[in-house]
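*Asks:* Data file protein-v4.cif (mmCIF, C-alpha atoms and all ligand atoms) is appended below.
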data_model
loop_
_atom_site.label_atom_id
_atom_site.label_comp_id
_atom_site.auth_asym_id
_atom_site.auth_seq_id
_atom_site.Cartn_x
_atom_site.Cartn_y
_atom_site.Cartn_z
CA MET A 175 57.23 -143.22 -62.52
CA LEU A 176 58.81 -146.56 -63.48
CA THR A 177 58.88 -147.53 -67.13
CA GLY A 178 57.11 -150.78 -66.34
CA GLU A 179 54.11 -148.84 -65.03
CA ARG A 180 53.72 -146.79 -68.20
CA GLU A 181 51.36 -147.46 -71.03
CA MET A 182 53.69 -148.48 -73.87
CA ASP A 183 53.53 -146.71 -77.24
CA LYS A 184 50.28 -144.86 -76.62
CA ASP A 185 49.08 -142.26 -79.14
CA ILE A 186 50.48 -138.89 -78.15
CA ILE A 187 48.19 -135.93 -78.74
CA ILE A 188 49.84 -132.64 -77.88
CA GLY A 189 48.72 -129.18 -76.83
CA ILE A 190 51.33 -126.41 -76.86
CA ILE A 191 50.96 -123.38 -74.60
CA GLY A 192 52.80 -120.33 -75.90
CA ALA A 193 53.38 -119.46 -79.55
CA GLY A 194 56.50 -117.37 -79.03
CA ARG A 195 60.09 -118.24 -80.01
CA ILE A 196 60.35 -121.54 -78.16
CA GLY A 197 56.73 -122.66 -78.61
CA LYS A 198 57.08 -122.36 -82.38
CA LEU A 199 60.43 -124.14 -82.33
CA HIS A 200 59.05 -127.14 -80.42
CA ALA A 201 55.92 -127.19 -82.60
CA GLU A 202 58.01 -127.35 -85.77
CA ASN A 203 60.27 -130.07 -84.33
CA LEU A 204 57.28 -132.13 -83.19
CA VAL A 205 55.52 -131.84 -86.53
CA LYS A 206 58.49 -132.13 -88.88
CA GLY A 207 60.73 -134.40 -86.79
CA ASN A 208 58.97 -137.71 -87.55
CA MET A 209 58.17 -138.24 -83.90
CA GLY A 210 54.91 -140.13 -84.44
CA VAL A 211 52.91 -137.59 -82.44
CA ARG A 212 50.02 -135.28 -83.29
CA VAL A 213 50.05 -131.59 -82.35
CA LYS A 214 46.36 -130.78 -82.00
CA THR A 215 46.26 -127.34 -80.37
CA ILE A 216 48.43 -124.30 -79.81
CA ALA A 217 47.21 -121.70 -77.33
CA ASP A 218 48.48 -118.21 -76.63
CA ILE A 219 46.91 -115.15 -75.00
CA TYR A 220 48.36 -113.13 -77.85
CA MET A 221 47.06 -114.29 -81.20
CA ASP A 222 47.38 -112.64 -84.59
CA GLU A 223 47.00 -113.57 -88.24
CA ASP A 224 50.70 -114.47 -88.54
CA ILE A 225 50.45 -117.10 -85.80
CA ARG A 226 47.18 -118.46 -87.24
CA SER A 227 48.61 -118.78 -90.72
CA TRP A 228 51.89 -120.29 -89.40
CA ALA A 229 49.84 -122.90 -87.44
CA LYS A 230 47.67 -123.64 -90.48
CA ASP A 231 50.72 -124.14 -92.71
CA LEU A 232 52.16 -126.51 -90.11
CA GLY A 233 48.90 -128.47 -89.96
CA ILE A 234 47.97 -127.65 -86.35
CA PRO A 235 44.15 -127.76 -86.47
CA VAL A 236 43.22 -125.81 -83.33
CA VAL A 237 44.50 -122.32 -82.49
CA ALA A 238 43.20 -121.06 -79.14
CA CYS A 239 43.37 -117.82 -77.17
CA ASN A 240 42.45 -119.58 -73.95
CA VAL A 241 44.66 -122.30 -72.45
CA GLU A 242 41.61 -123.94 -70.89
CA GLU A 243 40.88 -125.33 -74.38
CA ILE A 244 43.94 -127.52 -73.83
CA PHE A 245 43.18 -128.54 -70.24
CA ASP A 246 39.50 -129.25 -71.07
CA ASP A 247 40.35 -131.43 -74.07
CA ALA A 248 40.37 -135.06 -72.89
CA GLU A 249 42.00 -136.19 -76.14
CA ILE A 250 45.14 -134.11 -75.39
CA ASN A 251 47.36 -136.24 -73.16
CA THR A 252 50.59 -134.22 -73.37
CA VAL A 253 51.27 -130.51 -72.89
CA PHE A 254 54.29 -128.46 -73.87
CA ILE A 255 54.50 -125.40 -71.59
CA CYS A 256 56.31 -122.79 -73.65
CA SER A 257 54.65 -119.62 -72.36
CA SER A 258 56.38 -116.89 -70.33
CA THR A 259 58.19 -118.03 -67.19
CA ASN A 260 55.67 -116.47 -64.76
CA THR A 261 53.02 -118.97 -65.97
CA HIS A 262 54.96 -122.25 -65.70
CA THR A 263 54.20 -123.39 -62.14
CA GLU A 264 50.48 -122.77 -62.49
CA PHE A 265 50.31 -124.65 -65.79
CA ILE A 266 52.29 -127.60 -64.35
CA MET A 267 49.67 -127.75 -61.61
CA ARG A 268 46.81 -127.67 -64.15
CA CYS A 269 48.42 -130.48 -66.18
CA ALA A 270 48.81 -132.60 -63.04
CA GLN A 271 45.15 -131.96 -62.14
CA THR A 272 43.98 -132.96 -65.62
CA GLY A 273 46.31 -135.98 -65.94
CA LYS A 274 48.46 -134.76 -68.83
CA ASP A 275 52.18 -135.49 -69.31
CA ILE A 276 54.27 -132.33 -69.24
CA PHE A 277 57.24 -130.92 -71.05
CA CYS A 278 57.96 -127.57 -69.39
CA GLU A 279 60.43 -124.99 -70.53
CA LYS A 280 62.96 -123.70 -68.01
CA PRO A 281 62.66 -122.42 -65.37
CA ILE A 282 59.70 -124.18 -63.76
CA GLY A 283 59.03 -121.06 -61.70
CA SER A 284 60.56 -118.78 -59.12
CA ASP A 285 58.46 -119.30 -55.99
CA LEU A 286 59.85 -122.29 -54.11
CA SER A 287 56.71 -123.10 -52.18
CA GLU A 288 54.50 -122.92 -55.28
CA ILE A 289 56.96 -125.13 -57.16
CA SER A 290 56.94 -127.65 -54.28
CA SER A 291 53.14 -127.82 -54.41
CA ALA A 292 53.14 -128.28 -58.19
CA LEU A 293 55.76 -131.04 -58.01
CA ALA A 294 53.81 -132.77 -55.26
CA ALA A 295 50.73 -132.68 -57.51
CA VAL A 296 52.79 -134.12 -60.39
CA ASN A 297 54.00 -136.99 -58.18
CA LYS A 298 50.54 -137.65 -56.84
CA SER A 299 48.92 -137.77 -60.27
CA GLY A 300 51.74 -139.90 -61.75
CA VAL A 301 52.13 -137.80 -64.90
CA ASN A 302 55.57 -137.44 -66.43
CA LEU A 303 57.39 -134.12 -66.21
CA GLN A 304 60.49 -133.25 -68.20
CA VAL A 305 62.13 -129.83 -68.01
CA GLY A 306 63.80 -128.01 -70.90
CA PHE A 307 67.46 -128.06 -69.93
CA VAL A 308 68.34 -128.53 -73.57
CA ARG A 309 72.09 -128.16 -73.10
CA ARG A 310 72.31 -131.64 -71.59
CA PHE A 311 71.47 -132.87 -75.10
CA ASP A 312 74.17 -130.81 -76.83
CA HIS A 313 76.88 -133.00 -78.36
CA ASN A 314 79.74 -130.92 -76.90
CA HIS A 315 78.53 -130.49 -73.31
CA LYS A 316 77.45 -134.15 -73.24
CA ALA A 317 80.94 -135.19 -74.38
CA VAL A 318 82.43 -133.22 -71.47
CA ARG A 319 80.01 -134.87 -69.05
CA ASP A 320 80.67 -138.35 -70.48
CA CYS A 321 84.41 -137.80 -70.17
CA VAL A 322 84.12 -136.67 -66.53
CA LYS A 323 81.80 -139.58 -65.75
CA SER A 324 84.22 -142.08 -67.29
CA GLY A 325 86.90 -140.95 -64.80
CA ARG A 326 89.35 -140.03 -67.58
CA VAL A 327 90.20 -136.59 -66.12
CA GLY A 328 89.94 -137.84 -62.55
CA ARG A 329 87.95 -136.26 -59.76
CA PRO A 330 86.59 -132.85 -60.90
CA GLU A 331 88.29 -129.90 -59.16
CA ILE A 332 87.23 -126.88 -61.26
CA VAL A 333 84.16 -126.45 -63.48
CA LYS A 334 84.07 -123.41 -65.80
CA ILE A 335 81.04 -122.38 -67.80
CA THR A 336 80.82 -119.42 -70.15
CA SER A 337 77.39 -118.49 -71.45
CA ARG A 338 76.95 -115.22 -73.31
CA ASP A 339 74.02 -114.28 -75.50
CA PRO A 340 74.73 -112.35 -78.71
CA GLU A 341 72.17 -109.69 -77.84
CA PRO A 342 69.73 -108.93 -75.01
CA PRO A 343 66.12 -110.11 -75.22
CA PRO A 344 63.26 -107.56 -75.49
CA VAL A 345 62.64 -105.79 -72.18
CA ASP A 346 59.05 -107.12 -72.09
CA TYR A 347 60.55 -110.62 -72.01
CA VAL A 348 62.93 -109.61 -69.20
CA LYS A 349 60.08 -108.23 -67.07
CA VAL A 350 58.41 -111.66 -66.77
CA SER A 351 61.59 -113.74 -66.88
CA GLY A 352 62.38 -113.87 -63.16
CA GLY A 353 65.74 -112.12 -63.65
CA ILE A 354 69.07 -113.23 -65.09
CA PHE A 355 69.72 -115.99 -62.52
CA PHE A 356 66.31 -117.62 -63.07
CA ASP A 357 66.10 -116.99 -66.80
CA MET A 358 69.61 -117.30 -68.21
CA MET A 359 72.04 -118.69 -65.63
CA ILE A 360 69.50 -121.39 -64.69
CA HIS A 361 70.83 -123.38 -67.69
CA ASP A 362 74.35 -123.05 -66.29
CA PHE A 363 73.34 -124.03 -62.75
CA ASP A 364 71.91 -127.22 -64.21
CA MET A 365 75.00 -127.69 -66.38
CA ALA A 366 77.28 -127.19 -63.36
CA ARG A 367 75.48 -129.96 -61.39
CA TYR A 368 75.53 -132.17 -64.49
CA LEU A 369 79.26 -131.67 -65.12
CA ALA A 370 80.45 -131.80 -61.51
CA GLY A 371 78.26 -134.79 -60.65
CA SER A 372 77.73 -133.21 -57.26
CA GLU A 373 75.32 -130.85 -55.50
CA VAL A 374 75.99 -127.14 -54.90
CA VAL A 375 76.44 -126.11 -51.26
CA SER A 376 77.17 -122.39 -51.59
CA VAL A 377 76.94 -119.55 -54.10
CA PHE A 378 78.61 -116.14 -54.44
CA ALA A 379 77.29 -113.79 -57.12
CA ALA A 380 78.43 -110.50 -58.62
CA GLY A 381 76.38 -108.61 -61.17
CA SER A 382 76.21 -105.39 -63.17
CA VAL A 383 74.21 -103.55 -65.77
CA MET A 384 76.73 -103.19 -68.61
CA VAL A 385 74.69 -103.81 -71.73
CA SER A 386 71.19 -102.35 -71.53
CA GLU A 387 69.91 -99.49 -69.40
CA GLU A 388 66.39 -100.74 -70.12
CA ILE A 389 67.21 -104.05 -68.40
CA GLY A 390 68.54 -102.08 -65.42
CA LYS A 391 65.37 -99.96 -65.28
CA ALA A 392 63.32 -103.20 -65.31
CA GLY A 393 65.16 -104.18 -62.11
CA ASP A 394 67.45 -106.79 -63.64
CA ILE A 395 71.16 -107.06 -64.44
CA ASP A 396 72.71 -108.17 -67.71
CA THR A 397 76.20 -109.27 -66.69
CA ALA A 398 76.99 -111.72 -63.89
CA ILE A 399 79.64 -113.99 -62.49
CA VAL A 400 78.85 -116.67 -59.94
CA THR A 401 81.19 -118.96 -58.05
CA LEU A 402 79.86 -122.23 -56.70
CA LYS A 403 81.13 -124.71 -54.16
CA PHE A 404 80.02 -128.32 -54.43
CA GLU A 405 79.59 -131.07 -51.83
CA ASN A 406 82.55 -133.00 -53.29
CA GLY A 407 84.88 -129.97 -52.97
CA THR A 408 84.73 -128.95 -56.65
CA ILE A 409 84.67 -125.20 -57.32
CA GLY A 410 82.68 -123.78 -60.21
CA VAL A 411 82.63 -120.46 -62.00
CA ILE A 412 79.94 -119.28 -64.40
CA ASP A 413 80.00 -116.09 -66.43
CA ASN A 414 76.97 -114.68 -68.22
CA SER A 415 76.55 -111.67 -70.45
CA ARG A 416 73.51 -110.54 -72.41
CA ARG A 417 75.88 -109.36 -75.14
CA ALA A 418 78.64 -110.99 -77.14
CA ALA A 419 79.59 -109.09 -80.28
CA TYR A 420 80.89 -112.28 -81.91
CA GLY A 421 77.80 -114.51 -81.43
CA TYR A 422 76.50 -117.07 -78.93
CA ASP A 423 79.39 -118.03 -76.65
CA GLN A 424 78.79 -121.44 -75.07
CA ARG A 425 81.81 -123.18 -73.58
CA THR A 426 82.33 -125.66 -70.77
CA GLU A 427 85.47 -126.98 -69.10
CA VAL A 428 86.21 -129.44 -66.31
CA HIS A 429 89.65 -129.60 -64.76
CA GLY A 430 90.28 -132.75 -62.77
CA ALA A 431 93.02 -134.60 -60.90
CA LEU A 432 94.16 -136.44 -64.06
CA GLY A 433 93.59 -133.77 -66.72
CA CYS A 434 91.17 -131.38 -68.28
CA VAL A 435 88.32 -131.59 -70.78
CA LYS A 436 86.79 -128.61 -72.54
CA THR A 437 84.80 -127.58 -75.59
CA GLU A 438 84.96 -124.66 -77.97
CA ASN A 439 82.02 -123.04 -79.72
CA ASP A 440 80.31 -124.62 -82.70
CA THR A 441 80.96 -122.73 -85.92
CA ALA A 442 79.51 -122.97 -89.43
CA ASN A 443 82.79 -124.53 -90.59
CA LEU A 444 86.30 -125.14 -89.27
CA ALA A 445 88.21 -123.37 -92.07
CA MET A 446 91.03 -121.22 -90.76
CA VAL A 447 92.47 -118.55 -93.05
CA SER A 448 96.06 -117.48 -92.35
CA THR A 449 97.48 -114.40 -94.08
CA ALA A 450 100.06 -111.70 -93.39
CA SER A 451 97.43 -109.77 -91.43
CA GLY A 452 96.51 -112.63 -89.10
CA VAL A 453 94.61 -115.85 -88.69
CA ALA A 454 90.83 -115.85 -89.03
CA SER A 455 88.07 -118.39 -88.59
CA GLU A 456 84.26 -118.45 -88.38
CA LYS A 457 82.41 -116.77 -85.52
CA PRO A 458 80.33 -118.94 -83.18
CA LEU A 459 76.83 -119.78 -84.47
CA TRP A 460 74.51 -116.82 -83.84
CA PHE A 461 72.10 -117.91 -81.05
CA PHE A 462 70.28 -120.80 -79.39
CA LEU A 463 68.12 -121.62 -82.40
CA GLU A 464 71.27 -122.25 -84.45
CA ARG A 465 73.58 -123.69 -81.79
CA TYR A 466 71.12 -126.00 -80.06
CA ASN A 467 69.02 -126.97 -83.07
CA GLU A 468 70.02 -130.65 -82.91
CA ALA A 469 69.86 -130.68 -79.12
CA PHE A 470 66.24 -129.42 -79.17
CA LEU A 471 65.32 -132.33 -81.44
CA LYS A 472 67.14 -134.86 -79.25
CA GLU A 473 65.56 -133.43 -76.11
CA VAL A 474 62.03 -133.81 -77.46
CA ARG A 475 62.70 -137.32 -78.83
CA ASP A 476 64.00 -138.27 -75.40
CA PHE A 477 60.79 -136.94 -73.78
CA ILE A 478 58.56 -138.78 -76.28
CA ASP A 479 60.49 -142.01 -75.57
CA ALA A 480 59.93 -141.48 -71.85
CA ILE A 481 56.19 -140.91 -72.13
CA GLN A 482 55.93 -143.89 -74.47
CA GLY A 483 57.38 -145.93 -71.60
CA ARG A 484 60.66 -146.71 -73.34
CA ARG A 485 62.91 -144.94 -70.81
CA GLU A 486 62.88 -142.85 -67.67
CA VAL A 487 62.49 -139.07 -67.93
CA SER A 488 66.06 -137.79 -68.07
CA VAL A 489 65.67 -134.20 -66.80
CA THR A 490 63.26 -134.27 -63.90
CA GLY A 491 61.23 -131.88 -61.77
CA GLU A 492 63.81 -132.43 -59.04
CA ASP A 493 66.60 -131.27 -61.39
CA ALA A 494 64.52 -128.21 -62.22
CA PHE A 495 63.83 -127.47 -58.56
CA LYS A 496 67.51 -127.75 -57.60
CA ALA A 497 68.47 -125.27 -60.31
CA VAL A 498 65.79 -122.84 -59.06
CA ILE A 499 67.14 -123.13 -55.51
CA ILE A 500 70.62 -122.20 -56.77
CA ALA A 501 69.10 -119.27 -58.70
CA GLU A 502 67.38 -118.11 -55.52
CA ALA A 503 70.67 -118.34 -53.62
CA ALA A 504 72.48 -116.43 -56.38
CA THR A 505 69.85 -113.67 -56.32
CA LYS A 506 70.18 -113.35 -52.54
CA SER A 507 73.97 -113.37 -52.79
CA TYR A 508 73.93 -110.59 -55.39
CA GLN A 509 71.45 -108.51 -53.36
CA GLU A 510 73.30 -108.95 -50.06
CA ASN A 511 76.83 -109.05 -51.53
CA ARG A 512 77.88 -112.15 -49.61
CA PRO A 513 78.22 -115.92 -50.13
CA VAL A 514 74.92 -117.72 -49.52
CA MET A 515 74.66 -121.32 -48.34
CA ILE A 516 72.05 -123.47 -50.09
CA SER A 517 70.97 -124.51 -46.59
CA GLU A 518 69.80 -120.89 -46.04
CA ILE A 519 67.35 -121.33 -48.90
CA VAL A 520 66.13 -124.83 -48.09
CA CYS A 521 66.60 -126.60 -44.77
N1 LIG A 601 65.39 -123.95 -73.46
C1 LIG A 601 65.80 -122.83 -73.98
O1 LIG A 601 66.93 -122.71 -74.43
C2 LIG A 601 64.86 -121.66 -74.04
C3 LIG A 601 65.07 -120.67 -75.00
C4 LIG A 601 64.18 -119.59 -75.03
C5 LIG A 601 63.15 -119.51 -74.12
N2 LIG A 601 63.00 -120.49 -73.19
C6 LIG A 601 61.91 -120.38 -72.19
O2 LIG A 601 60.67 -120.53 -72.86
C7 LIG A 601 59.71 -119.63 -72.32
C8 LIG A 601 59.18 -118.74 -73.44
O3 LIG A 601 60.25 -118.04 -73.98
P1 LIG A 601 60.14 -117.39 -75.47
O4 LIG A 601 61.51 -116.97 -75.80
O5 LIG A 601 59.40 -118.28 -76.38
O6 LIG A 601 59.27 -116.11 -75.09
P2 LIG A 601 58.27 -115.32 -76.03
O7 LIG A 601 58.01 -114.06 -75.32
O8 LIG A 601 58.75 -115.32 -77.44
O9 LIG A 601 56.94 -116.24 -76.01
C9 LIG A 601 56.18 -116.44 -74.88
C10 LIG A 601 54.73 -116.58 -75.33
O10 LIG A 601 53.92 -116.95 -74.18
C11 LIG A 601 52.68 -116.28 -74.33
N3 LIG A 601 52.00 -116.25 -73.04
C12 LIG A 601 52.28 -115.49 -71.96
N4 LIG A 601 51.40 -115.73 -70.96
C13 LIG A 601 50.55 -116.69 -71.43
C14 LIG A 601 49.41 -117.34 -70.88
N5 LIG A 601 48.97 -117.07 -69.66
N6 LIG A 601 48.77 -118.26 -71.65
C15 LIG A 601 49.20 -118.54 -72.91
N7 LIG A 601 50.26 -117.93 -73.49
C16 LIG A 601 50.92 -117.01 -72.76
C17 LIG A 601 53.05 -114.89 -74.85
O11 LIG A 601 51.95 -114.23 -75.42
C18 LIG A 601 54.14 -115.25 -75.86
O12 LIG A 601 53.63 -115.45 -77.15
C19 LIG A 601 60.42 -118.85 -71.20
O13 LIG A 601 60.10 -119.42 -69.98
C20 LIG A 601 61.90 -119.04 -71.50
O14 LIG A 601 62.69 -119.08 -70.32
C21 LIG A 601 63.81 -121.55 -73.15
#
Is it possible to express this structure as structure tokens?
*Replies:*
Amino acid sequence: MLTGEREMDKDIIIGIIGAGRIGKLHAENLVKGNMGVRVKTIADIYMDEDIRSWAKDLGIPVVACNVEEIFDDAEINTVFICSSTNTHTEFIMRCAQTGKDIFCEKPIGSDLSEISSALAAVNKSGVNLQVGFVRRFDHNHKAVRDCVKSGRVGRPEIVKITSRDPEPPPVDYVKVSGGIFFDMMIHDFDMARYLAGSEVVSVFAAGSVMVSEEIGKAGDIDTAIVTLKFENGTIGVIDNSRRAAYGYDQRTEVHGALGCVKTENDTANLAMVSTASGVASEKPLWFFLERYNEAFLKEVRDFIDAIQGRREVSVTGEDAFKAVIIAEAATKSYQENRPVMISEIVC
């Protein structure tokens, strides 16, 4: 949708689906972030007194157990899809059918043909869709991307991404997450495309259960390394773990023909203490709520600007779809223990 075709500075009335970790985070940012929007409704199939009283304190007037209260409400023109992953594609479709702009958390789904149909419905209805690849809005990763884009390190040759969670999520979350490649590494697949400035052509994945037997019993893995080859010849490597004893480990690096650019983790402060027993500094910030706090705010401001007609949507359904295709290829590669061409997944 071109900016010129959008209604400029319309009132934005929001319904949020999902009152879990990320739904609450976006709700608080929307309400407290001076965004000039109104959060009218939050809906979740699981509702208890804590959620009701949290919503009341935040000034969200409607708390619903049925998402149809959002789709049926003509005043709500924008929906944040923050429910479990297995619901995303269906809710994107419902938003397109009811003419509501969409912010959808990653990933947008795991079934390629269902995602295609939902994206076709989004295009047909003309609603905006932005996807929650929040790391594009992180100051460090964006600085790496800006440096690569400027040509300062020359043509990218190697992209390295480390992404390790401090602790595994609850197993109930894992069961509806789509698996580590769709749930966790999806961020890194998007980051790899963003940093390399090129599309992935093949994927080779290795994985293990090293952290949590429960995750293994649920049919998932918790440790994975994937190598990627890109159209422009760049090679990428991503490592993921569901455990890092020292906190949330989020680093990116691009090595190019003229040099290298990389980031270290954000820490609470940069003080370094040197004594006879060694040199010590702060651990990385604990998890995504701490590390990407600012990025979550920037991401939502960017989306609001887009639906107000002030800019194009910056992370599109197509970006989301491409990351899902890479996740599908990685899953197949892990299962079949061989490199998988993207052309095997989509012709
Ligand atoms: N961008 C990020 O960095 C980031 C971080 C965390 C989670 N996420 C994504 O956000 C989504 C939610 O993750 P979370 O950590 O908040 O999970 P969560 O389990 O804390 O919350 C999910 C909520 O969705 C609700 N829900 C499930 N099915 C529903 C339905 N049919 N209708 C309404 N509500 C329903 C659940 O009851 C739960 O309260 C996942 O897709 C996850 O991948 C993104």
*Asks:* What is the CA of Phe355 in chain A-atom O6 of ligand LIG 601 (chain A) distance in Å, reported with one decimal?
*Replies:*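 Computing it gives 16.3 Å between the two atoms.
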*Asks:* Could I get the residue neighbourhood of ligand LIG 601 (chain A) at 6 Å, counting all atoms listed in the file, as a VMD selection string?
*Replies:* chain A and resid 191 to 197 217 to 220 241 256 to 259 261 279 to 281 306 to 308 347 357
*Asks:* With all atoms listed in the file as the basis for distance, which of A:Phe265, A:Asn260, A:Gly189, A:Ser290 is at the shortest distance from Glu243 in chain A?
*Replies:*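 Result for the nearest residue to Glu243 in chain A: A:Gly189.
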*Asks:* Report, in Å to a single decimal, how far apart CA of Leu199 in chain A and CA of Asp362 in chain A are.
*Replies:*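 Computed distance, CA of Asp362 in chain A to CA of Leu199 in chain A, equals 21.3 Å.
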*Asks:* Skip Gly381 in chain A itself and residues of its chain fewer than 3 positions away, then list as a ChimeraX atom specification all residues within 7 Å of it, counting only C-alpha atoms.
*Replies:* /A:395,397-399,508
*Asks:* Counting all atoms listed in the file, which residues come within 12 Å of (73.9, -121.4, -68.4), with the point read in the file's coordinates, and could you list them as a PyMOL selection string?
*Replies:* chain A and resi 280-281+307-310+315+334-339+354-368+398-400+411-416+422-426+462+497+501
*Asks:* Mind dumping the selected residues with C-alpha atoms as a PDB file, in the frame of the given file?
*Replies:*
ATOM      1  CA  LYS A 280      62.960-123.700 -68.010  1.00  0.00           C
ATOM      2  CA  PRO A 281      62.660-122.420 -65.370  1.00  0.00           C
ATOM      3  CA  PHE A 307      67.460-128.060 -69.930  1.00  0.00           C
ATOM      4  CA  VAL A 308      68.340-128.530 -73.570  1.00  0.00           C
ATOM      5  CA  ARG A 309      72.090-128.160 -73.100  1.00  0.00           C
ATOM      6  CA  ARG A 310      72.310-131.640 -71.590  1.00  0.00           C
ATOM      7  CA  HIS A 315      78.530-130.490 -73.310  1.00  0.00           C
ATOM      8  CA  LYS A 334      84.070-123.410 -65.800  1.00  0.00           C
ATOM      9  CA  ILE A 335      81.040-122.380 -67.800  1.00  0.00           C
ATOM     10  CA  THR A 336      80.820-119.420 -70.150  1.00  0.00           C
ATOM     11  CA  SER A 337      77.390-118.490 -71.450  1.00  0.00           C
ATOM     12  CA  ARG A 338      76.950-115.220 -73.310  1.00  0.00           C
ATOM     13  CA  ASP A 339      74.020-114.280 -75.500  1.00  0.00           C
ATOM     14  CA  ILE A 354      69.070-113.230 -65.090  1.00  0.00           C
ATOM     15  CA  PHE A 355      69.720-115.990 -62.520  1.00  0.00           C
ATOM     16  CA  PHE A 356      66.310-117.620 -63.070  1.00  0.00           C
ATOM     17  CA  ASP A 357      66.100-116.990 -66.800  1.00  0.00           C
ATOM     18  CA  MET A 358      69.610-117.300 -68.210  1.00  0.00           C
ATOM     19  CA  MET A 359      72.040-118.690 -65.630  1.00  0.00           C
ATOM     20  CA  ILE A 360      69.500-121.390 -64.690  1.00  0.00           C
ATOM     21  CA  HIS A 361      70.830-123.380 -67.690  1.00  0.00           C
ATOM     22  CA  ASP A 362      74.350-123.050 -66.290  1.00  0.00           C
ATOM     23  CA  PHE A 363      73.340-124.030 -62.750  1.00  0.00           C
ATOM     24  CA  ASP A 364      71.910-127.220 -64.210  1.00  0.00           C
ATOM     25  CA  MET A 365      75.000-127.690 -66.380  1.00  0.00           C
ATOM     26  CA  ALA A 366      77.280-127.190 -63.360  1.00  0.00           C
ATOM     27  CA  ARG A 367      75.480-129.960 -61.390  1.00  0.00           C
ATOM     28  CA  TYR A 368      75.530-132.170 -64.490  1.00  0.00           C
ATOM     29  CA  ALA A 398      76.990-111.720 -63.890  1.00  0.00           C
ATOM     30  CA  ILE A 399      79.640-113.990 -62.490  1.00  0.00           C
ATOM     31  CA  VAL A 400      78.850-116.670 -59.940  1.00  0.00           C
ATOM     32  CA  VAL A 411      82.630-120.460 -62.000  1.00  0.00           C
ATOM     33  CA  ILE A 412      79.940-119.280 -64.400  1.00  0.00           C
ATOM     34  CA  ASP A 413      80.000-116.090 -66.430  1.00  0.00           C
ATOM     35  CA  ASN A 414      76.970-114.680 -68.220  1.00  0.00           C
ATOM     36  CA  SER A 415      76.550-111.670 -70.450  1.00  0.00           C
ATOM     37  CA  ARG A 416      73.510-110.540 -72.410  1.00  0.00           C
ATOM     38  CA  TYR A 422      76.500-117.070 -78.930  1.00  0.00           C
ATOM     39  CA  ASP A 423      79.390-118.030 -76.650  1.00  0.00           C
ATOM     40  CA  GLN A 424      78.790-121.440 -75.070  1.00  0.00           C
ATOM     41  CA  ARG A 425      81.810-123.180 -73.580  1.00  0.00           C
ATOM     42  CA  THR A 426      82.330-125.660 -70.770  1.00  0.00           C
ATOM     43  CA  PHE A 462      70.280-120.800 -79.390  1.00  0.00           C
ATOM     44  CA  ALA A 497      68.470-125.270 -60.310  1.00  0.00           C
ATOM     45  CA  ALA A 501      69.100-119.270 -58.700  1.00  0.00           C
TER      46      ALA A 501
END
*Asks:* For the point (64.4, -139.4, -81.8) in the file's frame, write as a PDB file with C-alpha atoms, in the frame of the given file all residues with an atom no more than 12 Å away, counting only C-alpha atoms.
*Replies:*
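Contents of the output file part13.pdb:
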ATOM      1  CA  ASN A 203      60.270-130.070 -84.330  1.00  0.00           C
ATOM      2  CA  LEU A 204      57.280-132.130 -83.190  1.00  0.00           C
ATOM      3  CA  LYS A 206      58.490-132.130 -88.880  1.00  0.00           C
ATOM      4  CA  GLY A 207      60.730-134.400 -86.790  1.00  0.00           C
ATOM      5  CA  ASN A 208      58.970-137.710 -87.550  1.00  0.00           C
ATOM      6  CA  MET A 209      58.170-138.240 -83.900  1.00  0.00           C
ATOM      7  CA  GLY A 210      54.910-140.130 -84.440  1.00  0.00           C
ATOM      8  CA  VAL A 211      52.910-137.590 -82.440  1.00  0.00           C
ATOM      9  CA  PHE A 311      71.470-132.870 -75.100  1.00  0.00           C
ATOM     10  CA  GLU A 468      70.020-130.650 -82.910  1.00  0.00           C
ATOM     11  CA  ALA A 469      69.860-130.680 -79.120  1.00  0.00           C
ATOM     12  CA  PHE A 470      66.240-129.420 -79.170  1.00  0.00           C
ATOM     13  CA  LEU A 471      65.320-132.330 -81.440  1.00  0.00           C
ATOM     14  CA  LYS A 472      67.140-134.860 -79.250  1.00  0.00           C
ATOM     15  CA  GLU A 473      65.560-133.430 -76.110  1.00  0.00           C
ATOM     16  CA  VAL A 474      62.030-133.810 -77.460  1.00  0.00           C
ATOM     17  CA  ARG A 475      62.700-137.320 -78.830  1.00  0.00           C
ATOM     18  CA  ASP A 476      64.000-138.270 -75.400  1.00  0.00           C
ATOM     19  CA  PHE A 477      60.790-136.940 -73.780  1.00  0.00           C
ATOM     20  CA  ILE A 478      58.560-138.780 -76.280  1.00  0.00           C
ATOM     21  CA  ASP A 479      60.490-142.010 -75.570  1.00  0.00           C
ATOM     22  CA  ALA A 480      59.930-141.480 -71.850  1.00  0.00           C
ATOM     23  CA  ARG A 484      60.660-146.710 -73.340  1.00  0.00           C
TER      24      ARG A 484
END
*Asks:* Would you work out the distance separating CA of Phe254 in chain A from CA of Ile190 in chain A, expressed in Å to one decimal?
*Replies:* 4.7 Å
*Asks:* In terms of the shortest atom-to-atom distance over only C-alpha atoms, which of A:Gly353, A:Gly452, A:Gly283, A:Pro330 is closest to Met267 in chain A?
*Replies:*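 Counting only C-alpha atoms, the residue closest to Met267 in chain A is A:Gly283.
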*Asks:* Select, from A:Val453, A:Ile225, A:Ile519, A:Cys321, the residue with the minimum atom-to-atom distance to Val498 in chain A, counting only C-alpha atoms.
*Replies:*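 Answer, going by the shortest atom-to-atom distance: A:Ile519.
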*Asks:* Which residue out of A:Leu369, A:Tyr420, A:Cys239, A:Val385 has the minimum interatomic distance to Lys316 in chain A when all atoms listed in the file are used?
*Replies:* A:Leu369
